[in-house]
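Chemist: run.tsv is reproduced in full below (TSV, C-alpha atoms).
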```
chain	number	residue	atom	x	y	z
W	24	MET	CA	5.36	11.86	12.81
W	25	PRO	CA	8.61	10.25	11.55
W	26	GLY	CA	8.59	6.47	11.88
W	27	ARG	CA	5.06	6.31	13.29
W	28	VAL	CA	2.90	3.40	12.17
W	29	VAL	CA	-0.64	3.25	13.56
W	30	TRP	CA	-2.18	-0.22	13.89
W	31	MET	CA	-5.96	-0.37	14.29
W	32	TYR	CA	-7.20	-3.80	15.35
W	33	ASP	CA	-10.87	-4.68	15.85
W	34	THR	CA	-12.16	-8.26	15.75
W	35	ASP	CA	-15.70	-6.99	15.10
W	36	SER	CA	-14.71	-5.80	11.63
W	37	VAL	CA	-14.66	-9.27	10.01
W	38	LEU	CA	-17.76	-11.46	10.08
W	39	TRP	CA	-16.78	-14.15	7.56
W	40	ASP	CA	-17.68	-17.72	8.50
W	41	GLY	CA	-15.36	-19.14	5.83
W	42	LYS	CA	-18.15	-19.90	3.36
W	43	GLY	CA	-18.40	-18.29	-0.06
W	44	TYR	CA	-16.05	-15.63	-1.35
W	45	TRP	CA	-14.03	-13.75	1.26
W	46	TRP	CA	-14.71	-10.35	-0.39
W	47	GLN	CA	-18.50	-10.40	-0.15
W	48	THR	CA	-19.55	-7.22	1.64
W	49	LYS	CA	-21.75	-9.13	4.07
W	50	ASN	CA	-18.54	-10.54	5.55
W	51	PHE	CA	-17.54	-7.15	6.97
W	52	ASP	CA	-19.06	-4.59	9.33
W	53	GLU	CA	-18.89	-1.32	7.42
W	54	THR	CA	-19.70	0.81	10.47
W	55	VAL	CA	-16.82	-0.73	12.44
W	56	ILE	CA	-14.39	-0.35	9.53
W	57	GLN	CA	-15.42	3.28	9.01
W	58	LYS	CA	-14.52	3.96	12.63
W	59	MET	CA	-11.24	2.09	12.20
W	60	VAL	CA	-10.28	4.30	9.25
W	61	ASN	CA	-11.28	7.55	10.92
W	62	ASP	CA	-9.64	6.71	14.24
W	63	SER	CA	-6.45	5.64	12.45
W	64	ILE	CA	-6.22	8.95	10.60
W	65	ALA	CA	-6.83	10.92	13.80
W	66	SER	CA	-4.17	8.96	15.67
W	67	LEU	CA	-1.59	9.24	12.89
W	68	GLY	CA	-2.08	12.99	12.79
W	69	GLY	CA	-1.90	13.22	16.58
W	70	LYS	CA	-5.41	14.67	16.71
W	71	GLU	CA	-8.80	13.89	18.24
W	72	THR	CA	-10.84	13.67	15.05
W	73	ALA	CA	-10.36	12.38	11.51
W	74	LYS	CA	-11.04	15.87	10.14
W	75	GLU	CA	-8.18	17.28	12.18
W	76	GLY	CA	-6.03	14.26	11.35
W	77	TRP	CA	-6.46	14.66	7.59
W	78	ASN	CA	-5.67	18.36	7.87
W	79	ALA	CA	-2.50	17.59	9.82
W	80	LEU	CA	-1.39	15.04	7.22
W	81	PHE	CA	-1.93	17.42	4.30
W	82	GLN	CA	-0.21	20.25	6.16
W	83	ALA	CA	2.82	18.10	6.95
W	84	HIS	CA	3.02	16.87	3.37
W	85	ASN	CA	2.82	20.35	1.88
W	86	THR	CA	5.21	21.90	4.37
W	87	GLU	CA	7.85	19.29	3.56
W	88	ARG	CA	7.47	19.95	-0.14
W	89	ASN	CA	7.42	23.76	0.20
W	90	LYS	CA	3.96	24.13	-1.28
W	91	GLU	CA	2.37	27.53	-0.75
W	92	ASN	CA	-0.92	26.40	0.74
W	93	ALA	CA	-0.67	24.84	4.19
W	94	GLY	CA	-3.39	22.23	3.82
W	95	TYR	CA	-5.56	20.67	1.15
W	96	ALA	CA	-7.01	23.22	-1.28
W	97	ALA	CA	-10.38	22.72	-2.99
W	98	GLY	CA	-10.01	21.37	-6.50
W	99	GLU	CA	-6.72	19.57	-5.92
W	100	LYS	CA	-6.81	16.01	-7.22
W	101	ILE	CA	-5.95	12.87	-5.30
W	102	VAL	CA	-5.30	9.34	-6.58
W	103	ILE	CA	-5.55	6.12	-4.61
W	104	LYS	CA	-3.34	3.24	-5.75
W	105	ALA	CA	-5.31	0.10	-4.93
W	106	ASN	CA	-3.97	-3.46	-5.27
W	107	ILE	CA	-6.37	-5.28	-7.59
W	108	ASN	CA	-3.90	-8.05	-8.44
W	109	GLY	CA	-6.42	-10.88	-8.02
W	110	SER	CA	-9.07	-9.42	-10.35
W	111	GLY	CA	-8.68	-9.64	-14.12
W	112	VAL	CA	-5.39	-11.44	-13.73
W	113	PHE	CA	-5.92	-13.93	-16.55
W	114	ASP	CA	-8.75	-12.46	-18.63
W	115	ASP	CA	-11.18	-9.56	-18.84
W	116	ASP	CA	-13.58	-10.86	-16.20
W	117	THR	CA	-14.85	-7.96	-14.06
W	118	SER	CA	-17.09	-10.00	-11.74
W	119	GLY	CA	-14.43	-10.05	-9.02
W	120	GLU	CA	-15.48	-13.64	-8.36
W	121	THR	CA	-12.16	-15.11	-7.34
W	122	GLN	CA	-10.76	-16.48	-4.11
W	123	MET	CA	-7.51	-14.62	-4.71
W	124	SER	CA	-6.85	-11.37	-2.88
W	125	TYR	CA	-7.38	-7.77	-3.88
W	126	THR	CA	-8.20	-4.51	-2.10
W	127	ASN	CA	-11.02	-5.02	0.38
W	128	PRO	CA	-14.10	-3.32	-1.13
W	129	VAL	CA	-15.48	-2.17	2.22
W	130	LEU	CA	-12.16	-0.69	3.32
W	131	LEU	CA	-11.86	1.18	0.01
W	132	LYS	CA	-15.38	2.57	0.38
W	133	THR	CA	-14.79	3.73	3.95
W	134	LEU	CA	-11.51	5.40	2.96
W	135	LEU	CA	-13.35	7.26	0.20
W	136	VAL	CA	-16.10	8.28	2.61
W	137	SER	CA	-13.52	9.59	5.05
W	138	LEU	CA	-11.86	11.64	2.31
W	139	VAL	CA	-15.21	13.18	1.32
W	140	GLU	CA	-16.83	13.62	4.73
W	141	GLU	CA	-13.81	14.31	6.93
W	142	ALA	CA	-11.11	15.70	4.60
W	143	GLY	CA	-13.60	17.74	2.59
W	144	ILE	CA	-12.49	16.47	-0.82
W	145	SER	CA	-14.99	16.46	-3.67
W	146	ALA	CA	-15.73	12.95	-4.93
W	147	SER	CA	-15.09	14.10	-8.49
W	148	ASP	CA	-11.51	15.02	-7.55
W	149	ILE	CA	-10.69	11.44	-6.45
W	150	THR	CA	-9.45	8.65	-8.72
W	151	VAL	CA	-8.84	5.02	-7.73
W	152	TYR	CA	-6.45	3.22	-10.06
W	153	ASP	CA	-4.52	0.07	-10.90
W	154	VAL	CA	-3.47	0.09	-14.55
W	155	SER	CA	-2.45	-3.58	-14.58
W	156	ARG	CA	-5.77	-5.13	-13.53
W	157	LEU	CA	-9.57	-4.71	-13.79
W	158	PHE	CA	-11.79	-3.40	-11.02
W	159	PRO	CA	-14.76	-5.63	-10.17
W	160	ASP	CA	-18.06	-4.11	-11.30
W	161	TYR	CA	-19.64	-4.46	-7.86
W	162	MET	CA	-16.73	-2.55	-6.28
W	163	VAL	CA	-17.04	0.35	-8.71
W	164	GLU	CA	-20.79	0.49	-8.14
W	165	MET	CA	-20.57	0.56	-4.34
W	166	CYS	CA	-17.79	3.17	-4.40
W	167	THR	CA	-19.48	5.63	-6.76
W	168	GLY	CA	-22.95	5.93	-5.26
W	169	GLY	CA	-24.46	8.49	-2.88
W	170	ILE	CA	-21.89	10.94	-1.52
W	171	LEU	CA	-19.24	9.09	-3.57
W	172	GLU	CA	-20.89	9.89	-6.90
W	173	GLY	CA	-18.21	11.21	-9.21
W	174	VAL	CA	-15.30	9.07	-7.97
W	175	HIS	CA	-13.26	7.87	-10.96
W	176	PHE	CA	-11.84	4.39	-11.52
W	177	VAL	CA	-8.91	3.80	-13.88
W	178	ASP	CA	-7.66	0.32	-14.78
W	179	ARG	CA	-5.89	-1.30	-17.71
W	180	LYS	CA	-8.85	-0.77	-20.04
W	181	ASN	CA	-9.12	3.01	-19.65
W	182	GLY	CA	-5.68	3.94	-18.33
W	183	VAL	CA	-3.88	6.48	-20.51
W	184	ALA	CA	-0.09	6.63	-20.60
W	185	ASP	CA	1.47	10.06	-20.16
W	186	LYS	CA	4.14	9.91	-22.86
W	187	ASN	CA	5.80	12.90	-21.22
W	188	ALA	CA	6.32	10.94	-18.01
W	189	PRO	CA	8.53	7.90	-18.61
W	190	ILE	CA	9.97	6.24	-15.52
W	191	HIS	CA	13.71	6.85	-15.27
W	192	TRP	CA	15.33	4.05	-13.29
W	193	SER	CA	18.41	4.73	-11.17
W	194	TYR	CA	20.09	1.62	-12.51
W	195	GLU	CA	20.67	0.69	-16.14
W	196	PHE	CA	18.97	-2.46	-17.43
W	197	SER	CA	17.04	-3.50	-20.52
W	198	GLY	CA	13.26	-3.52	-20.68
W	199	ALA	CA	10.27	-1.72	-22.14
W	200	VAL	CA	9.86	2.01	-21.62
W	201	ASN	CA	7.36	2.53	-18.80
W	202	TYR	CA	4.99	5.48	-18.63
W	203	LEU	CA	3.05	6.74	-15.65
W	204	PRO	CA	-0.71	7.07	-16.23
W	205	THR	CA	-2.16	10.55	-16.64
W	206	CYS	CA	-4.31	10.09	-13.54
W	207	VAL	CA	-1.06	10.04	-11.54
W	208	THR	CA	0.79	12.86	-13.28
W	209	GLU	CA	-2.26	15.13	-13.11
W	210	ALA	CA	-2.83	14.47	-9.39
W	211	ASP	CA	-1.59	16.60	-6.51
W	212	TYR	CA	-1.64	13.82	-3.92
W	213	MET	CA	-1.56	10.06	-3.68
W	214	ILE	CA	-2.69	7.45	-1.16
W	215	ASN	CA	-0.89	4.11	-1.38
W	216	LEU	CA	-3.49	1.50	-0.35
W	217	ALA	CA	-1.63	-1.81	-0.38
W	218	ASN	CA	-2.37	-5.30	0.96
W	219	LEU	CA	-0.59	-6.99	3.83
W	220	LYS	CA	0.11	-10.35	2.21
W	221	GLY	CA	2.75	-12.78	1.14
W	222	HIS	CA	3.89	-13.10	-2.45
W	223	SER	CA	5.50	-15.75	-4.61
W	224	TYR	CA	8.59	-13.54	-4.36
W	225	GLY	CA	8.20	-13.16	-0.59
W	226	ILE	CA	6.07	-10.18	0.41
W	227	THR	CA	4.00	-7.48	-1.26
W	228	LEU	CA	3.33	-4.23	0.57
W	229	CYS	CA	3.35	-0.53	-0.29
W	230	GLY	CA	6.60	-0.75	-2.24
W	231	LYS	CA	5.48	-3.45	-4.64
W	232	ASN	CA	2.01	-1.93	-4.96
W	233	HIS	CA	3.47	0.38	-7.62
W	234	PHE	CA	4.02	-2.55	-9.97
W	235	GLY	CA	0.51	-1.55	-11.04
W	236	SER	CA	1.43	2.10	-11.59
W	237	PHE	CA	2.90	2.08	-15.09
W	238	ILE	CA	1.97	1.27	-18.69
W	239	ASN	CA	4.39	-0.21	-21.22
W	240	GLY	CA	2.46	-2.14	-23.87
W	241	ASN	CA	2.32	-5.41	-21.93
W	242	GLU	CA	-1.29	-4.90	-20.93
W	243	MET	CA	-1.70	-7.75	-18.44
W	244	ARG	CA	1.89	-8.06	-17.19
W	245	PRO	CA	3.55	-4.61	-17.16
W	246	PRO	CA	6.29	-5.67	-14.67
W	247	GLU	CA	7.32	-8.48	-17.01
W	248	GLY	CA	7.46	-6.06	-19.92
W	249	ALA	CA	9.62	-3.81	-17.75
W	250	ASN	CA	11.92	-6.76	-16.93
W	251	LEU	CA	11.60	-6.10	-13.20
W	252	HIS	CA	11.11	-9.61	-11.85
W	253	GLN	CA	14.80	-10.37	-12.29
W	254	PHE	CA	15.46	-8.18	-9.26
W	255	LEU	CA	12.92	-9.95	-7.06
W	256	THR	CA	14.20	-13.46	-7.68
W	257	ARG	CA	17.81	-12.89	-6.61
W	258	ASN	CA	18.49	-14.60	-3.31
W	259	GLU	CA	20.83	-11.87	-2.11
W	260	MET	CA	21.07	-8.62	-0.20
W	261	ASP	CA	22.86	-5.36	-1.00
W	262	ALA	CA	21.50	-5.27	-4.54
W	263	TYR	CA	19.72	-2.60	-6.57
W	264	SER	CA	15.94	-2.65	-6.11
W	265	PRO	CA	13.34	-1.17	-8.49
W	266	LEU	CA	10.95	-1.12	-5.52
W	267	THR	CA	13.16	1.47	-3.85
W	268	ASP	CA	13.23	3.41	-7.12
W	269	LEU	CA	9.43	3.47	-7.24
W	270	MET	CA	9.23	4.58	-3.61
W	271	ALA	CA	11.64	7.43	-4.45
W	272	ASN	CA	9.88	8.58	-7.63
W	273	GLU	CA	8.62	12.15	-7.24
W	274	GLN	CA	5.33	11.31	-8.99
W	275	LEU	CA	4.66	8.30	-6.74
W	276	GLY	CA	6.31	8.42	-3.32
W	277	GLY	CA	6.82	12.16	-3.69
W	278	LYS	CA	3.07	12.77	-3.90
W	279	THR	CA	2.02	10.30	-1.22
W	280	VAL	CA	0.23	11.82	1.76
W	281	LEU	CA	-0.75	8.46	3.30
W	282	TYR	CA	0.39	4.83	3.22
W	283	MET	CA	-2.21	2.26	4.24
W	284	LEU	CA	-2.12	-1.53	4.57
W	285	ASP	CA	-5.34	-3.48	4.13
W	286	ALA	CA	-4.96	-6.24	6.73
W	287	LEU	CA	-8.58	-7.18	7.37
W	288	ILE	CA	-8.08	-10.62	5.80
W	289	CYS	CA	-4.56	-11.54	4.68
W	290	ALA	CA	-3.45	-14.00	2.02
W	291	PRO	CA	-0.27	-16.12	2.22
W	292	SER	CA	0.51	-15.26	-1.41
W	293	GLU	CA	-0.89	-13.24	-4.30
W	294	GLY	CA	-1.91	-16.39	-6.19
W	295	SER	CA	-3.34	-18.26	-3.20
W	296	SER	CA	-7.02	-18.90	-2.72
W	297	ILE	CA	-8.06	-17.26	0.54
W	298	THR	CA	-9.65	-19.79	2.87
W	299	ARG	CA	-10.80	-19.66	6.46
W	300	ASP	CA	-7.81	-21.74	7.53
W	301	ASN	CA	-4.96	-19.98	5.73
W	302	SER	CA	-6.19	-16.49	6.64
W	303	ARG	CA	-6.49	-17.02	10.39
W	304	TRP	CA	-3.23	-16.08	12.07
W	305	GLN	CA	-1.53	-17.66	15.07
W	306	GLN	CA	0.75	-14.94	16.44
W	307	GLU	CA	-0.11	-12.45	19.17
W	308	PRO	CA	-2.80	-11.07	19.39
W	309	PHE	CA	-4.73	-13.08	16.78
W	310	HIS	CA	-4.57	-16.60	18.23
W	311	GLY	CA	-6.46	-18.35	15.43
W	312	ASN	CA	-8.63	-15.40	14.37
W	313	TYR	CA	-8.57	-13.09	11.35
W	314	THR	CA	-6.10	-10.23	11.34
W	315	SER	CA	-8.94	-7.66	11.30
W	316	SER	CA	-6.46	-4.79	11.05
W	317	VAL	CA	-5.62	-1.57	9.25
W	318	PHE	CA	-2.18	0.06	9.30
W	319	VAL	CA	-1.43	3.67	8.34
W	320	SER	CA	1.75	5.75	8.20
W	321	GLN	CA	3.45	8.72	6.57
W	322	ASP	CA	6.66	6.66	6.28
W	323	PRO	CA	6.78	4.10	3.43
W	324	VAL	CA	9.82	2.31	4.82
W	325	ALA	CA	8.48	2.06	8.36
W	326	ILE	CA	5.06	0.70	7.37
W	327	ASP	CA	6.58	-1.91	5.06
W	328	SER	CA	9.10	-2.85	7.78
W	329	VAL	CA	6.25	-3.44	10.21
W	330	GLY	CA	4.32	-5.37	7.57
W	331	ALA	CA	7.36	-7.52	6.86
W	332	ASP	CA	7.75	-8.35	10.55
W	333	PHE	CA	4.13	-9.51	10.74
W	334	LEU	CA	4.46	-11.64	7.60
W	335	ILE	CA	7.79	-13.35	8.26
W	336	ASN	CA	6.72	-14.26	11.80
W	337	GLU	CA	3.33	-15.72	10.92
W	338	PRO	CA	3.01	-19.52	10.49
W	339	ALA	CA	-0.22	-19.16	8.46
W	340	VAL	CA	1.90	-17.31	5.88
W	341	THR	CA	5.30	-19.01	6.10
W	342	ASP	CA	3.80	-22.53	6.15
W	343	ASN	CA	2.04	-21.72	2.89
W	344	ASN	CA	4.75	-19.66	1.24
W	345	GLY	CA	8.20	-21.13	0.73
W	346	ALA	CA	9.50	-17.82	-0.65
W	347	LEU	CA	9.60	-16.42	2.88
W	348	LYS	CA	11.97	-19.04	4.20
W	349	ASP	CA	15.70	-18.27	4.12
W	350	ASN	CA	15.27	-15.60	1.46
W	351	PRO	CA	17.21	-12.43	2.32
W	352	ASN	CA	16.02	-10.68	-0.84
W	353	VAL	CA	12.60	-10.28	0.79
W	354	GLU	CA	13.78	-7.20	2.69
W	355	ASN	CA	16.58	-6.05	0.40
W	356	TYR	CA	14.46	-3.14	-0.84
W	357	LEU	CA	13.88	-2.01	2.74
W	358	HIS	CA	17.62	-1.98	3.45
W	359	GLU	CA	18.19	-0.02	0.24
W	360	ALA	CA	15.43	2.45	1.16
W	361	GLY	CA	16.43	2.84	4.80
W	362	LEU	CA	20.03	3.55	3.77
W	363	VAL	CA	19.12	5.33	0.53
W	364	SER	CA	21.64	8.16	0.93
W	365	ASN	CA	24.41	5.53	1.12
W	366	ALA	CA	22.77	2.33	-0.11
W	367	SER	CA	24.54	-0.96	0.60
W	368	SER	CA	24.41	-1.86	-3.09
W	369	GLY	CA	26.42	1.23	-3.94
W	370	ASN	CA	23.63	2.35	-6.25
W	371	VAL	CA	22.66	6.02	-6.24
W	372	TYR	CA	18.88	6.46	-6.25
W	373	TYR	CA	17.23	9.43	-7.93
W	374	ASN	CA	13.69	10.80	-7.75
W	375	GLY	CA	12.94	10.14	-11.42
W	376	ASN	CA	13.81	13.73	-12.29
W	377	GLY	CA	17.55	13.80	-11.73
W	378	LYS	CA	17.62	14.65	-8.02
W	379	LYS	CA	19.50	12.34	-5.66
W	380	VAL	CA	17.29	10.92	-2.91
W	381	THR	CA	18.69	11.29	0.61
W	382	ASN	CA	15.87	10.01	2.85
W	383	LEU	CA	12.89	7.70	2.37
W	384	GLY	CA	12.18	6.52	5.91
W	385	VAL	CA	13.38	4.20	8.64
W	386	HIS	CA	13.86	0.42	8.62
W	387	GLU	CA	14.31	-1.86	11.62
W	388	HIS	CA	12.80	-5.01	13.15
W	389	TRP	CA	10.73	-5.29	16.30
W	390	ASN	CA	12.18	-6.73	19.52
W	391	ASN	CA	10.03	-9.88	19.40
W	392	PRO	CA	6.74	-11.14	17.87
W	393	VAL	CA	4.88	-10.93	21.18
W	394	SER	CA	5.43	-7.40	22.47
W	395	LYS	CA	6.14	-6.01	18.98
W	396	LYS	CA	8.14	-3.01	20.18
W	397	TYR	CA	10.42	-0.83	18.10
W	398	SER	CA	13.02	1.78	19.04
W	399	ARG	CA	10.62	4.62	19.78
W	400	ASN	CA	8.37	2.28	21.76
W	401	LEU	CA	11.44	1.49	23.87
W	402	GLY	CA	12.17	5.15	24.61
W	403	LYS	CA	14.68	5.99	21.90
W	404	LYS	CA	14.42	9.24	19.96
W	405	GLU	CA	14.70	7.71	16.50
W	406	GLY	CA	13.33	4.64	14.76
W	407	ILE	CA	9.89	3.13	14.32
W	408	GLU	CA	6.99	3.69	16.69
W	409	LEU	CA	4.14	1.16	16.39
W	410	VAL	CA	0.98	2.62	17.92
W	411	LYS	CA	-1.76	0.05	18.50
W	412	ILE	CA	-5.29	1.33	19.01
W	413	LYS	CA	-8.65	-0.40	19.31
```
Now, as a test, write the supplied structure out as structure tokens.

Modeler:
Amino acid sequence: MPGRVVWMYDTDSVLWDGKGYWWQTKNFDETVIQKMVNDSIASLGGKETAKEGWNALFQAHNTERNKENAGYAAGEKIVIKANINGSGVFDDDTSGETQMSYTNPVLLKTLLVSLVEEAGISASDITVYDVSRLFPDYMVEMCTGGILEGVHFVDRKNGVADKNAPIHWSYEFSGAVNYLPTCVTEADYMINLANLKGHSYGITLCGKNHFGSFINGNEMRPPEGANLHQFLTRNEMDAYSPLTDLMANEQLGGKTVLYMLDALICAPSEGSSITRDNSRWQQEPFHGNYTSSVFVSQDPVAIDSVGADFLINEPAVTDNNGALKDNPNVENYLHEAGLVSNASSGNVYYNGNGKKVTNLGVHEHWNNPVSKKYSRNLGKKEGIELVKIK
């Protein structure tokens, strides 16, 4: 489904009264969120059930990559790249007790349940990872019990660098050598589970989620060791972007069968404390309520384009994040990715293994923040299609 982004919105999913930590599981209705995940997968695959939807997604992925088996085959391994940026950011604390954002624990659990119950994947063949942070103990416990027994978690303490898999950038610059973790190189498929949130550099979505996908000796700050932040602080367009490079990498974007944005409760920035006030959005259809949403897509450029539109048009984010005001670099990586075969920067992007990348997905903006329609919604044959379901 080229350009399709499915948006599942259900106000019953978030129960938080603004007291205590946002991430406490009592603040979310797991049954509602499970239905949101399953219905999203069915809709994205153009099917009636999540089982059929997963099968359609795996079939499409394998067909495009000329793999012999049509769908998922028993024993194939899948990794989920979570965004655990707010946990273990300054020390080795694994309590998860922070007001900063990270992957919603209930959403992660329901995604895992869907993979096991609907997609038919053995729990022991699934790994959740972020090699720059530490998973909260409570999250690991709730996501490895019952039918999820056997799910693996890999973070900066147990992540192992595959020294045979250095990242080859498409642009020459100085920095540490970066290695992909073995859990990625040994996997057959990936799910990119990112957050919909602002960042001190503007936005962080599926593209930037892979800043937690490599190891280079700087245990707590791998992107700094890689010297990548220089490209996020330039207030300009038409420039090389390492985010586009990561999206194009055959071990990362090339293995991704699903892109998902956790938008149940959104933060204005990665370092912000999530409060009841700064996480309730004003734009249509939220009107002072939580975002209570999940987005899924097969297209990394389309889903990040939709996410960017939501973020740059939301006062709860822009009023609390100066990096989103008059900063064209925010969407530079989307322009580079959408035009990757002839990027505006003039840079030639490769897949990390010497092959020139000719297509990553489609980038455009919606018609307005109220109706939120893209080209395919308006009857055109190409472009983004935002499908809202409830």

Chemist: Within 8 Å of Tyr212 of chain W, counting only C-alpha atoms, which residues show up once you throw out same-chain ones fewer than 5 positions away? Write them as a PyMOL selection string, please.

Modeler: chain W and resi 99-102+278-280

Chemist: Expressed in Å to a single decimal, how great is the separation between atom CA of Leu284 of chain W and atom CA of Asp116 of chain W?

Modeler: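 Interatomic distance here is 25.5 Å.
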
Chemist: Return as JSON lines the residues of segment 66-149 of chain W lying at most 9 Å from segment 220-240 of chain W, together with the closest atom-to-atom pair for each and the distance in Å to one decimal, counting all atoms listed in the file, with rows in chain order and ascending residue number.

Modeler:
```
{"residue": "W:Lys104", "atom": "CA", "partner": "W:Asn232", "partner_atom": "CA", "distance": 7.5}
{"residue": "W:Ala105", "atom": "CA", "partner": "W:Asn232", "partner_atom": "CA", "distance": 7.6}
{"residue": "W:Asn106", "atom": "CA", "partner": "W:Asn232", "partner_atom": "CA", "distance": 6.2}
{"residue": "W:Ile107", "atom": "CA", "partner": "W:Gly235", "partner_atom": "CA", "distance": 8.6}
{"residue": "W:Asn108", "atom": "CA", "partner": "W:Gly235", "partner_atom": "CA", "distance": 8.3}
{"residue": "W:Ser124", "atom": "CA", "partner": "W:Lys220", "partner_atom": "CA", "distance": 8.7}
```

Chemist: Which residues are near Gly369 of chain W? Cut-off 12 Å, only C-alpha atoms, ignore same chain within fewer than 2 positions. Put them as a VMD selection string.

Modeler: chain W and resid 193 to 194 260 to 264 358 to 359 362 to 367 371 to 372

Chemist: Any idea what the distance is between atom CA of Trp45 of chain W and atom CA of Ser155 of chain W?

Modeler: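 That distance, rounded to one decimal, is 22.1 Å.
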
Chemist: Between atom CA of Ser110 of chain W and atom CA of Asn218 of chain W, what distance in Å does the model show, to one decimal?

Modeler: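 One can read the atom CA of Ser110 of chain W to atom CA of Asn218 of chain W distance as 13.8 Å.
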
Chemist: Quick one: everything within 12 Å of His191 of chain W, counting all atoms listed in the file, minus sequence neighbours fewer than 6 positions away in the same chain. Send it as a list in words.

Modeler: Gly198, Ala199, Val200, Asn201, Tyr202, Leu203, Phe237, Ala249, Pro265, Asp268, Leu269, Ala271, Asn272, Glu273, Gln274, Tyr372, Tyr373, Asn374, Gly375, Asn376, Gly377 and Lys378 of chain W

Chemist: Looking at only C-alpha atoms, which of W:Leu287, W:Gly248, W:Val324, W:Ser368 is the one that sits closest to Ser36 of chain W?

Modeler: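 Among the listed residues, the smallest separation from Ser36 of chain W belongs to W:Leu287.
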
Chemist: Within 10 Å of (-16.3, -14.7, 11.3) (coordinates as in the file), grab all the protein and nucleic acid residues, counting all atoms listed in the file, and write them out as a short mmCIF file (atom, residue, chain, number, x, y, z; two decimals) with C-alpha atoms, in the frame of the given file.

Modeler:
```cif
data_model
loop_
_atom_site.label_atom_id
_atom_site.label_comp_id
_atom_site.auth_asym_id
_atom_site.auth_seq_id
_atom_site.Cartn_x
_atom_site.Cartn_y
_atom_site.Cartn_z
CA THR W 34 -12.16 -8.26 15.75
CA ASP W 35 -15.70 -6.99 15.10
CA SER W 36 -14.71 -5.80 11.63
CA VAL W 37 -14.66 -9.27 10.01
CA LEU W 38 -17.76 -11.46 10.08
CA TRP W 39 -16.78 -14.15 7.56
CA ASP W 40 -17.68 -17.72 8.50
CA GLY W 41 -15.36 -19.14 5.83
CA LYS W 42 -18.15 -19.90 3.36
CA ASN W 50 -18.54 -10.54 5.55
CA PHE W 51 -17.54 -7.15 6.97
CA ARG W 299 -10.80 -19.66 6.46
CA ASN W 312 -8.63 -15.40 14.37
CA TYR W 313 -8.57 -13.09 11.35
#
```

Chemist: I need the residue nearest Asn258 of chain W from this list: W:Asn355, W:Thr381, W:Ser137, W:Thr121. Use all atoms listed in the file for the distance.

Modeler: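 Looking at the shortest contact to Asn258 of chain W, the residue is W:Asn355.
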
Chemist: Smallest atom-to-atom distance to Asp322 of chain W: which of W:Val340, W:Leu67, W:Met123, W:Ile56, using all atoms listed in the file?

Modeler: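 Smallest separation from Asp322 of chain W among the options: W:Leu67.
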
Chemist: Around segment 29-38 of chain W, fit a box with edges along x, y and z, padding it by 4 Å on each side, then list its centre and edge lengths in Å to one decimal as AutoDock Vina command-line options.

Modeler:
```
--center_x -9.2 --center_y -4.1 --center_z 12.9 --size_x 25.1 --size_y 22.7 --size_z 13.8
```

Chemist: Excluding segment 345-347 of chain W and its own-chain neighbours fewer than 2 positions away, which residues fall within 12 Å of it when counting only C-alpha atoms? Please give them as a ChimeraX atom specification.

Modeler: /W:220-227,255-258,291-293,331-343,349-354

Chemist: Measuring atom to atom with all atoms listed in the file, identify which of W:Met243, W:Lys58, W:Val177, W:Met31 is nearest to Val112 of chain W.

Modeler: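 For Val112 of chain W, the nearest of the candidates is W:Met243.
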
Chemist: Write out as a list of chain:residue names each polymer residue whose atoms come within 9 Å of Ile64 of chain W, counting all atoms listed in the file; drop sequence neighbours fewer than 2 positions from it.

Modeler: W:Val29, W:Met59, W:Val60, W:Asn61, W:Asp62, W:Ser66, W:Leu67, W:Gly68, W:Gly69, W:Lys70, W:Thr72, W:Ala73, W:Lys74, W:Glu75, W:Gly76, W:Trp77, W:Leu80, W:Val319, W:Ser320

Chemist: Using all atoms listed in the file, which of the listed residues (W:Asn390, W:Thr205, W:Ala97, W:Phe254) sits closest to Gly143 of chain W?

Modeler: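 Counting all atoms listed in the file, the residue closest to Gly143 of chain W is W:Ala97.
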
Chemist: What would the file be for segment 218-231 of chain W if you keep C-alpha atoms and write it as a compact mmCIF listing (two decimals), in the first residue's frame?

Modeler:
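File produced: result-v5.txt:
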```txt
# COMPACT_ATOMS: atom_id res chain seq x y z
CA ASN W 218 7.57 7.91 19.36
CA LEU W 219 5.58 10.81 17.98
CA LYS W 220 7.28 13.64 19.85
CA GLY W 221 9.24 16.82 19.54
CA HIS W 222 12.99 16.95 20.05
CA SER W 223 15.55 19.56 21.01
CA TYR W 224 16.56 19.37 17.34
CA GLY W 225 12.95 19.61 16.17
CA ILE W 226 11.26 16.23 15.82
CA THR W 227 12.05 12.57 16.45
CA LEU W 228 10.16 9.89 14.56
CA CYS W 229 11.04 6.64 12.78
CA GLY W 230 14.09 8.12 11.07
CA LYS W 231 15.82 9.30 14.22
```
